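Student: My structure is stored as my_file05.pdb, with PDB, C-alpha atoms.
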ATOM      1  CA  MET A  13     -19.804  -5.120   2.712
ATOM      2  CA  ALA A  14     -18.733  -2.761  -0.015
ATOM      3  CA  SER A  15     -19.867  -3.575  -3.517
ATOM      4  CA  ASN A  16     -18.678  -2.764  -6.973
ATOM      5  CA  GLU A  17     -20.748   0.336  -7.748
ATOM      6  CA  ALA A  18     -20.022   0.277 -11.462
ATOM      7  CA  GLY A  19     -21.380  -3.235 -11.753
ATOM      8  CA  GLN A  20     -18.209  -4.349 -13.469
ATOM      9  CA  LEU A  21     -15.398  -6.417 -12.011
ATOM     10  CA  PRO A  22     -11.952  -4.838 -11.638
ATOM     11  CA  PRO A  23      -9.334  -6.291 -14.031
ATOM     12  CA  ALA A  24      -8.198  -9.816 -13.225
ATOM     13  CA  ALA A  25      -4.690  -8.535 -12.475
ATOM     14  CA  VAL A  26      -6.052  -6.232  -9.764
ATOM     15  CA  ARG A  27      -8.140  -8.977  -8.184
ATOM     16  CA  GLN A  28      -5.225 -11.425  -8.358
ATOM     17  CA  SER A  29      -2.794  -8.949  -6.809
ATOM     18  CA  ASN A  30      -5.169  -8.237  -3.933
ATOM     19  CA  PHE A  31      -5.705 -11.929  -3.326
ATOM     20  CA  GLU A  32      -1.962 -12.582  -3.271
ATOM     21  CA  GLN A  33      -1.466  -9.759  -0.795
ATOM     22  CA  GLY A  34      -4.327 -11.105   1.321
ATOM     23  CA  VAL A  35      -2.651 -14.522   1.520
ATOM     24  CA  ALA A  36       0.658 -12.930   2.481
ATOM     25  CA  TYR A  37      -0.974 -10.801   5.186
ATOM     26  CA  ALA A  38      -2.858 -13.820   6.554
ATOM     27  CA  LEU A  39       0.355 -15.848   6.846
ATOM     28  CA  HIS A  40       2.275 -12.990   8.451
ATOM     29  CA  LEU A  41      -0.553 -12.670  10.979
ATOM     30  CA  TRP A  42      -0.556 -16.393  11.816
ATOM     31  CA  PRO A  43       1.108 -16.471  15.259
ATOM     32  CA  ALA A  44       2.280 -20.078  14.902
ATOM     33  CA  LEU A  45       4.138 -19.250  11.692
ATOM     34  CA  THR A  46       5.511 -16.014  13.108
ATOM     35  CA  LEU A  47       6.908 -17.892  16.102
ATOM     36  CA  SER A  48       8.444 -20.492  13.813
ATOM     37  CA  VAL A  49      10.152 -17.856  11.666
ATOM     38  CA  GLN A  50      11.416 -15.914  14.678
ATOM     39  CA  ASN A  51      12.987 -19.053  16.126
ATOM     40  CA  ASN A  52      14.336 -20.243  12.747
ATOM     41  CA  TRP A  53      12.561 -23.564  13.153
ATOM     42  CA  GLY A  54      12.639 -23.864   9.374
ATOM     43  CA  GLY A  55      16.377 -23.173   9.279
ATOM     44  CA  PRO A  56      18.258 -19.931   8.561
ATOM     45  CA  ASP A  57      15.990 -19.227   5.569
ATOM     46  CA  SER A  58      12.769 -19.477   7.569
ATOM     47  CA  ALA A  59      11.605 -15.995   6.525
ATOM     48  CA  ASP A  60      12.145 -16.836   2.852
ATOM     49  CA  LYS A  61      10.203 -20.056   3.395
ATOM     50  CA  ARG A  62       7.280 -17.982   4.613
ATOM     51  CA  ASP A  63       7.338 -16.027   1.335
ATOM     52  CA  TRP A  64       7.491 -19.298  -0.604
ATOM     53  CA  PHE A  65       4.634 -20.555   1.576
ATOM     54  CA  ALA A  66       2.453 -17.643   0.411
ATOM     55  CA  GLY A  67       3.163 -18.501  -3.213
ATOM     56  CA  ALA A  68       2.337 -22.159  -2.618
ATOM     57  CA  ILE A  69      -1.041 -21.262  -1.098
ATOM     58  CA  VAL A  70      -1.880 -18.886  -3.954
ATOM     59  CA  ASP A  71      -1.021 -21.618  -6.448
ATOM     60  CA  LEU A  72      -3.716 -23.845  -4.937
ATOM     61  CA  PHE A  73      -6.207 -21.551  -6.670
ATOM     62  CA  PRO A  74      -6.605 -20.986 -10.409
ATOM     63  CA  PRO A  75      -5.614 -17.417 -11.349
ATOM     64  CA  PHE A  76      -8.353 -14.897 -11.978
ATOM     65  CA  THR A  77      -9.030 -14.147 -15.629
ATOM     66  CA  ASP A  78     -10.896 -11.470 -17.548
ATOM     67  CA  ASP A  79     -12.681 -14.067 -19.682
ATOM     68  CA  PRO A  80     -16.452 -14.016 -19.190
ATOM     69  CA  ALA A  81     -18.162 -17.162 -17.957
ATOM     70  CA  PRO A  82     -19.246 -19.426 -20.833
ATOM     71  CA  ALA A  83     -22.916 -19.279 -21.790
ATOM     72  CA  ASN A  84     -23.095 -23.091 -21.882
ATOM     73  CA  PRO A  85     -21.612 -25.461 -19.291
ATOM     74  CA  PRO A  86     -18.479 -27.410 -20.260
ATOM     75  CA  SER A  87     -19.216 -30.513 -22.323
ATOM     76  CA  SER A  88     -16.540 -32.605 -20.647
ATOM     77  CA  LYS A  89     -14.220 -32.695 -17.667
ATOM     78  CA  THR A  90     -11.388 -31.678 -19.953
ATOM     79  CA  ASP A  91     -13.149 -28.395 -20.700
ATOM     80  CA  ALA A  92     -14.158 -27.776 -17.108
ATOM     81  CA  ALA A  93     -12.661 -24.835 -15.249
ATOM     82  CA  PRO A  94     -10.038 -25.663 -12.598
ATOM     83  CA  GLU A  95     -11.601 -26.497  -9.270
ATOM     84  CA  GLU A  96     -11.206 -24.128  -6.350
ATOM     85  CA  PRO A  97      -9.925 -25.703  -3.133
ATOM     86  CA  ASP A  98     -12.294 -25.587  -0.180
ATOM     87  CA  LEU A  99     -11.625 -24.502   3.389
ATOM     88  CA  GLU A 100     -10.557 -27.971   4.487
ATOM     89  CA  ASP A 101      -8.116 -28.265   1.579
ATOM     90  CA  VAL A 102      -6.441 -24.977   2.465
ATOM     91  CA  GLU A 103      -6.229 -25.802   6.178
ATOM     92  CA  THR A 104      -4.715 -29.200   5.385
ATOM     93  CA  VAL A 105      -1.979 -27.636   3.253
ATOM     94  CA  LEU A 106      -1.277 -24.959   5.870
ATOM     95  CA  LEU A 107      -0.775 -27.542   8.610
ATOM     96  CA  GLN A 108       1.199 -29.923   6.401
ATOM     97  CA  VAL A 109       3.662 -27.239   5.315
ATOM     98  CA  MET A 110       4.184 -26.280   8.956
ATOM     99  CA  VAL A 111       5.165 -29.891   9.700
ATOM    100  CA  ASP A 112       7.239 -30.438   6.564
ATOM    101  CA  GLU A 113       9.089 -27.119   6.424
ATOM    102  CA  PHE A 114       9.126 -25.882  10.043
ATOM    103  CA  GLU A 115       8.795 -29.162  11.981
ATOM    104  CA  VAL A 116       5.889 -27.722  13.945
ATOM    105  CA  ASN A 117       2.619 -29.427  14.811
ATOM    106  CA  VAL A 118      -0.028 -26.718  15.201
ATOM    107  CA  ASP A 119      -2.506 -28.249  17.634
ATOM    108  CA  ASP A 120      -4.869 -25.310  18.080
ATOM    109  CA  GLU A 121      -7.527 -23.839  15.794
ATOM    110  CA  SER A 122      -5.280 -21.126  14.354
ATOM    111  CA  GLY A 123      -4.731 -23.071  11.128
ATOM    112  CA  ALA A 124      -8.465 -23.128  10.476
ATOM    113  CA  ASP A 125      -8.717 -19.451  11.360
ATOM    114  CA  THR A 126      -5.961 -18.571   8.880
ATOM    115  CA  ALA A 127      -7.605 -20.701   6.207
ATOM    116  CA  GLU A 128     -10.907 -18.894   6.794
ATOM    117  CA  HIS A 129      -9.255 -15.509   6.233
ATOM    118  CA  ILE A 130      -7.707 -16.776   3.006
ATOM    119  CA  MET A 131     -10.990 -18.211   1.744
ATOM    120  CA  LYS A 132     -12.885 -15.036   2.619
ATOM    121  CA  ALA A 133     -10.314 -12.944   0.778
ATOM    122  CA  ARG A 134     -10.592 -15.283  -2.206
ATOM    123  CA  THR A 135     -14.383 -15.072  -2.344
ATOM    124  CA  GLU A 136     -14.402 -11.299  -2.051
ATOM    125  CA  CYS A 137     -11.608 -10.751  -4.576
ATOM    126  CA  ALA A 138     -13.506 -12.903  -7.072
ATOM    127  CA  GLU A 139     -16.374 -10.407  -6.712
ATOM    128  CA  GLY A 140     -14.096  -7.384  -6.956
ATOM    129  CA  VAL A 141     -14.448  -6.601  -3.251
ATOM    130  CA  PHE A 142     -11.353  -6.151  -1.093
ATOM    131  CA  ASP A 143     -12.750  -5.608   2.411
ATOM    132  CA  GLU A 144     -11.062  -8.669   3.920
ATOM    133  CA  VAL A 145      -7.717  -7.819   2.327
ATOM    134  CA  ASN A 146      -7.961  -4.288   3.706
ATOM    135  CA  THR A 147      -8.840  -5.641   7.154
ATOM    136  CA  LEU A 148      -5.825  -7.959   7.124
ATOM    137  CA  ARG A 149      -3.621  -5.110   5.917
ATOM    138  CA  THR A 150      -4.794  -2.880   8.772
ATOM    139  CA  ARG A 151      -4.091  -5.610  11.322
ATOM    140  CA  PHE A 152      -0.671  -6.202   9.825
ATOM    141  CA  LEU A 153       0.245  -2.512   9.857
ATOM    142  CA  SER A 154      -0.891  -2.217  13.475
ATOM    143  CA  LYS A 155       2.005  -4.503  14.391
ATOM    144  CA  GLY A 156       4.440  -1.722  13.537
ATOM    145  CA  THR A 157       5.666  -3.223  10.301
ATOM    146  CA  LYS A 158       7.480  -0.868   7.951
ATOM    147  CA  LYS A 159       7.592  -2.661   4.632
ATOM    148  CA  VAL A 160       4.420  -3.941   3.009
ATOM    149  CA  ASP A 161       5.120  -3.658  -0.717
ATOM    150  CA  THR A 162       7.420  -6.700  -0.790
ATOM    151  CA  LEU A 163       5.290  -9.025   1.312
ATOM    152  CA  PHE A 164       4.357 -11.351  -1.484
ATOM    153  CA  LYS A 165       7.259 -12.962  -3.298
ATOM    154  CA  LYS A 166       6.143 -15.721  -5.631
ATOM    155  CA  VAL A 167       8.756 -18.335  -6.330
ATOM    156  CA  GLU A 168       9.519 -19.479  -9.842
ATOM    157  CA  ALA A 169       7.801 -22.635 -11.022
ATOM    158  CA  GLU A 170      11.010 -24.625 -11.118
ATOM    159  CA  ASP A 171      11.733 -23.830  -7.481
ATOM    160  CA  GLN A 172       8.395 -25.274  -6.421
ATOM    161  CA  ASP A 173       9.271 -28.644  -7.932
ATOM    162  CA  THR A 174      12.361 -29.080  -5.804
ATOM    163  CA  ASP A 175      13.233 -29.241  -2.153
ATOM    164  CA  TRP A 176      13.878 -25.956  -0.398
ATOM    165  CA  GLU A 177      17.312 -24.591  -1.146
ATOM    166  CA  SER A 178      19.148 -21.784   0.565
ATOM    167  CA  GLY A 179      19.794 -18.716  -1.547
ATOM    168  CA  ASP A 180      21.838 -15.569  -1.291
ATOM    169  CA  SER A 181      18.858 -13.379  -2.153
ATOM    170  CA  GLY A 182      17.197 -14.034   1.185
ATOM    171  CA  GLU A 183      20.360 -13.138   3.041
ATOM    172  CA  ASP A 184      20.656  -9.909   1.113
ATOM    173  CA  GLU A 185      17.131  -8.967   2.068
ATOM    174  CA  ASP A 186      17.958  -9.578   5.707
ATOM    175  CA  GLU A 187      20.796  -7.097   5.499
ATOM    176  CA  GLU A 188      18.836  -4.530   3.541
ATOM    177  CA  GLY A 189      15.669  -4.629   5.622
ATOM    178  CA  GLY A 190      13.621  -6.678   3.195
ATOM    179  CA  ALA A 191      10.318  -8.433   3.575
ATOM    180  CA  ASP A 192      11.634 -11.070   5.962
ATOM    181  CA  VAL A 193      12.411  -8.681   8.819
ATOM    182  CA  GLU A 194       9.100  -6.882   9.183
ATOM    183  CA  MET A 195       8.008  -8.674  12.306
ATOM    184  CA  GLY A 196      11.300  -7.854  14.008
ATOM    185  CA  ASP A 197      10.363  -4.185  14.356
ATOM    186  CA  ALA A 198       7.878  -4.937  17.112
ATOM    187  CA  PRO A 199       8.549  -8.384  18.632
ATOM    188  CA  PRO A 200       5.252  -9.920  19.760
ATOM    189  CA  PRO A 201       4.962 -11.295  23.280
ATOM    190  CA  GLU A 202       5.239 -14.905  22.144
ATOM    191  CA  ARG A 203       8.936 -14.587  21.231
ATOM    192  CA  LYS A 204      11.105 -16.608  23.601
ATOM    193  CA  GLU A 205      14.716 -17.681  23.730
ATOM    194  CA  LYS A 206      13.674 -21.321  23.826
ATOM    195  CA  PRO A 207      11.108 -22.709  21.358
ATOM    196  CA  GLN A 208       8.541 -23.604  24.003
ATOM    197  CA  PRO A 209       4.851 -24.060  23.057
ATOM    198  CA  GLU A 210       2.739 -21.201  24.375
ATOM    199  CA  VAL A 211      -0.460 -19.226  24.017
ATOM    200  CA  ASP A 212      -0.421 -15.717  22.555
ATOM    201  CA  GLU A 213      -2.399 -12.652  23.671
ATOM    202  CA  ASP A 214      -5.424 -13.731  21.596
ATOM    203  CA  GLY A 215      -5.680 -17.032  23.404
ATOM    204  CA  PHE A 216      -4.184 -19.393  20.846
ATOM    205  CA  THR A 217      -0.936 -20.342  19.097
ATOM    206  CA  LYS A 218      -0.091 -23.401  21.095
ATOM    207  CA  VAL A 219       2.492 -25.105  18.958
ATOM    208  CA  THR A 220       4.655 -28.104  19.609
ATOM    209  CA  ARG A 221       8.059 -28.613  18.078
ATOM    210  CA  LYS A 222       8.287 -31.886  16.152
ATOM    211  CA  ARG A 223      11.400 -33.883  17.008
TER     212      ARG A 223
END
Go ahead and express the file in the form of structure tokens.
Tutor:
Amino acid sequence: MASNEAGQLPPAAVRQSNFEQGVAYALHLWPALTLSVQNNWGGPDSADKRDWFAGAIVDLFPPFTDDPAPANPPSSKTDAAPEEPDLEDVETVLLQVMVDEFEVNVDDESGADTAEHIMKARTECAEGVFDEVNTLRTRFLSKGTKKVDTLFKKVEAEDQDTDWESGDSGEDEDEEGGADVEMGDAPPPERKEKPQPEVDEDGFTKVTRKR
């Protein structure tokens, strides 16, 4: 694994940006979510929901800061740093959002696999290492996707406190070739006319539509 040769962490903004991109790449590479977006199982704004989804996962983690670690441990829980979610926490949220927003029960191990990629990216970004993010980026680009700069679109705080609402911005991006049409450039083999559960070329992605 590559290390920070200078012995100094990159700025927090750089580490945070890489982590956010890593989450977005991981979600775009999750076959179950891709299938759900392609079939509009989350409604006509399914692609925008995926972008919101990335923001929701990022918000599970406290943002990186440039403040050095305190010399003495916190004296109380009030002063303690925000806790990082663990692998199980992330997987639970991934699967729950799939049920709540896309009405899909993911009954394979792909949720855990996606959570592992996110946690690995988080750990590395905290150390100023971006190998996992670069690996996810390479995999994403190999799918023939054109746009990568607009993958991560963090929703405003007030939007996260309300139910999902349709917006004109997502429709405009559809027409202008925005972030929510990347996967359409090279349709993966799992795309079908009918939303039938199936297994992708990697041997997973068996999903069942919740009724």
Student: Could you check the closest approach to Arg134 of chain A for each of A:Trp64, A:Glu115, A:Pro75, A:His40 and tell me which residue wins, using all atoms listed in the file?
Tutor: A:Pro75
Student: Do you have the atom CA of Asp98 of chain A-atom CA of Gly123 of chain A distance handy?
Tutor: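 Calculated distance between atom CA of Asp98 of chain A and atom CA of Gly123 of chain A is 13.8 Å.
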Student: Could you state the separation of atom CA of Gln33 of chain A and atom CA of Pro94 of chain A in Å, given to one decimal place?
Tutor: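 Distance between the two atoms: 21.6 Å.
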Student: With only C-alpha atoms as the counted atoms, please give the residues lying no more than 12 Å from Val35 of chain A, apart from itself and same-chain residues fewer than 3 positions off, as number ranges by chain.
Tutor: A: 28-32, 38-42, 62-73, 102, 106, 126-134, 137, 144-146, 148-149, 152, 163-166
Student: Using all atoms listed in the file, which of the listed residues (A:Val141, A:Asp79, A:Lys155, A:Met110) sits closest to Ser58 of chain A?
Tutor: A:Met110
Student: At what distance in Å, to one decimal, does atom CA of Leu21 of chain A lie from atom CA of Glu139 of chain A?
Tutor: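 Going from atom CA of Glu139 of chain A over to atom CA of Leu21 of chain A, I get 6.7 Å.
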